[in-house]
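Asker: My questions all concern the structure below.
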Amino acid sequence: MTDITGIVEKRRGQRGELLAILQDIQAKYSYLPEDALRAVAQKTGRSLVDVYGVATFYHAFSLKPRGKHLVTCCMGTACHVRGAPKVAEELERQLHVPPGETTADRQFTLETQNCLGGCALGPIVVVDGHYFSSVGTPNVRGILEKTRSGLDRVDLASDLRAFPVEVACGRCNHSLMDAHDRIDGQPSIRVTASFADKHGWLRLSSVYGSFEVESQHEIPLDTVVDFFCPHCSAELAGAGPCVACGASMVPMILRGGGVVQICSRRGCHHHMLDLEGTSAWSEWR
Amino acid sequence: MINITLNGVPLEVEKGTTLLEAAQFLGFPIPTLCHMEGLHPYGACRLCIVEIGEGPRAKLVSSCTYPAEEGLKVRTSSSRVVKARRMVIELLLASCPQSKTIQDIASAHDVRQQRFRQEHEDCILCGRCVRMCEEQMVAKAIGFVGRGAGRAIGTPFGKRSEVCRQCGGCMYVCPACELRCTYSEPDKAICGGCANLAPPCLEKEQFDDLMCYMKPCVACEIPKS
Ligand code: FES
Ligand code: FES
């Protein structure tokens, strides 16, 4: 049985609440389970046909379980004339499933869409929110391989947006860097994390733009975690809410001045770098 | 009160009157298909189009959904309207040629042929059944599913709906399937009236035979005690 009480409660009374609820359910289960739709209908006082009608109307919703990775190939006009059908065919061939279907090992779901908003860079293939541009049939294998080995892994040498940072605790000013355990080939950031009744270490990649983490306890997606300095045990908090999800942001002092903030919710990739104002930090102090 | 001119005849109507109602009041014939008294106008079939406005700004609108506006000039059978209406009829014939209702409309408008690819759909998505189920039967058992070329009428998850009372109202109002009799193969029948030996009204308490369109049906032959 799927539990959607929290999702419905969170969106209650919002404008366009039904769509938001369905999106949240889709994000949680990666599809819309039948019992969840029934529960939505019951909890929001709508009839089941209405909910079902909305769920089947939008391409973004799926009523069938999807694979771990969602591969979307753009078939819009611009991509089409640049050879998207060939790319789609190649994806189909390598994944052994037609568009709209999921591979037998539940790893990949292949989908086609009409325009993903990057026409000038077409053909576009999007895997789990990562855009690949100017894709040709020879690139397909590489894309799938990269997906299998983890898309969030950042290649420091080739990716100009990613760079390593060095951070310290805002209260005791002790460095949080851990040179022994490396993530992404760089010293990791080590903090103490606690959620529910679990308490343990957590290591973050120090590469700004990478979301690799390791932790003592498995942290379920969507959990908001409290971060503490392993040296002075002060909580790393007070930076205000995340603009993307509303959980509180975790501030850390940048070596050389400035503050870096990361969202405390597992799975939320919002972060920000403030090189000048240390406002959040001084307020906290 | 709102003053409009219908085919040159001035007319005063109440606010909220649709052009179709106004035309019917004056007796100008406008063919309709998805429109049905007692159900909300839906504007799906476009058969009831009329021309409003003048000169280059004249446009075609569906009269069943268009409310009368002050000073509006309406033409219900200008050559543009007739041409467009015949096209609509041809399109309907192309998708649902077996419907008696559509055949009657076609012959009334002297359309004997259609020039599109012939299909044999069971449904023209006029939404009559959906509105009947919701507005008159207060059940909301069926609705539109999917979109675009895949749009269809159906129950949630394609399963039998728990809220359906099998009143038959949807089939009663359908202009496409119209309780077609498939007497020799009762199990394939859409209606199944004659083979309906286990009428729902006998089992369900809340079932009131006033709200039933299953005719013929054995249940009504059984004398009520
Ligand atoms: S057509 Fe592919 S992104 Fe627009
Ligand atoms: S009767 Fe007006 S659109 Fe169908």
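Chain labels A, B, ... are given in the sequence in which chains occur in the structure tokens; within each chain residues are numbered consecutively from 1, and ligands are likewise numbered from 1 in the order shown.
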List the spatial neighbours of Ile124 in chain A as a PyMOL selection string - criterion: any atom at most 12 Å away, only C-alpha atoms, same-chain residues fewer than 3 positions off excluded.

Answerer: chain A and resi 71-85+87-88+112-121+127+129-137+139-140+143

Asker: When DSSP works through the backbone of this structure, what residues of range 82-217 of chain A end up as strand (DSSP E), shown as number ranges by chain?

Answerer: A: 108-113, 125-127, 130-132, 163-164, 167-168, 177-183, 186-195, 198-204, 207-208, 213-215

Asker: Using DSSP on the backbone coordinates, identify the residues of range 49-260 of chain A assigned to alpha helix (DSSP H); present them as a short mmCIF file (atom, residue, chain, number, x, y, z; two decimals) with C-alpha atoms, in the first residue's frame.

Answerer:
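Resulting contents of out04.cif:
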data_model
loop_
_atom_site.label_atom_id
_atom_site.label_comp_id
_atom_site.auth_asym_id
_atom_site.auth_seq_id
_atom_site.Cartn_x
_atom_site.Cartn_y
_atom_site.Cartn_z
CA VAL A 49 -12.63 9.51 -13.14
CA ASP A 50 -11.50 13.11 -12.81
CA VAL A 51 -8.24 12.12 -11.16
CA TYR A 52 -7.74 9.34 -13.67
CA GLY A 53 -8.53 11.70 -16.54
CA VAL A 54 -5.86 14.16 -15.41
CA ALA A 55 -3.37 11.38 -14.79
CA THR A 56 -3.82 10.00 -18.28
CA PHE A 57 -3.89 13.41 -19.95
CA THR A 77 10.58 19.24 -35.13
CA ALA A 78 14.04 20.71 -34.69
CA CYS A 79 15.54 17.52 -33.31
CA HIS A 80 13.64 15.45 -35.84
CA VAL A 81 15.25 17.16 -38.83
CA ALA A 84 16.39 12.30 -33.74
CA PRO A 85 14.50 9.32 -35.21
CA LYS A 86 17.82 7.58 -35.80
CA VAL A 87 18.88 8.28 -32.23
CA ALA A 88 15.58 6.96 -30.91
CA GLU A 89 16.00 3.86 -33.02
CA GLU A 90 19.49 3.32 -31.68
CA LEU A 91 18.29 3.73 -28.09
CA GLU A 92 15.53 1.26 -28.85
CA ARG A 93 18.02 -1.17 -30.27
CA GLN A 94 20.44 -0.95 -27.37
CA LEU A 95 17.83 -1.05 -24.66
CA VAL A 140 24.17 6.51 -27.55
CA ARG A 141 26.32 3.79 -26.09
CA GLY A 142 28.38 6.33 -24.15
CA ILE A 143 25.29 7.97 -22.69
CA LEU A 144 23.88 4.68 -21.49
CA GLU A 145 27.21 3.67 -20.02
CA LYS A 146 27.55 6.96 -18.23
CA THR A 147 24.06 6.48 -16.82
CA ARG A 148 24.92 3.03 -15.55
#

Asker: Rounded to one decimal in Å, what is the spacing between CA of Gly158 in chain B and CA of Ser30 in chain A?

Answerer: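 Distance between the two atoms: 21.2 Å.
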
Asker: Suppose you want the space between CA of Gly53 in chain B and CA of Arg75 in chain B; what is it in Å?

Answerer: 8.8 Å
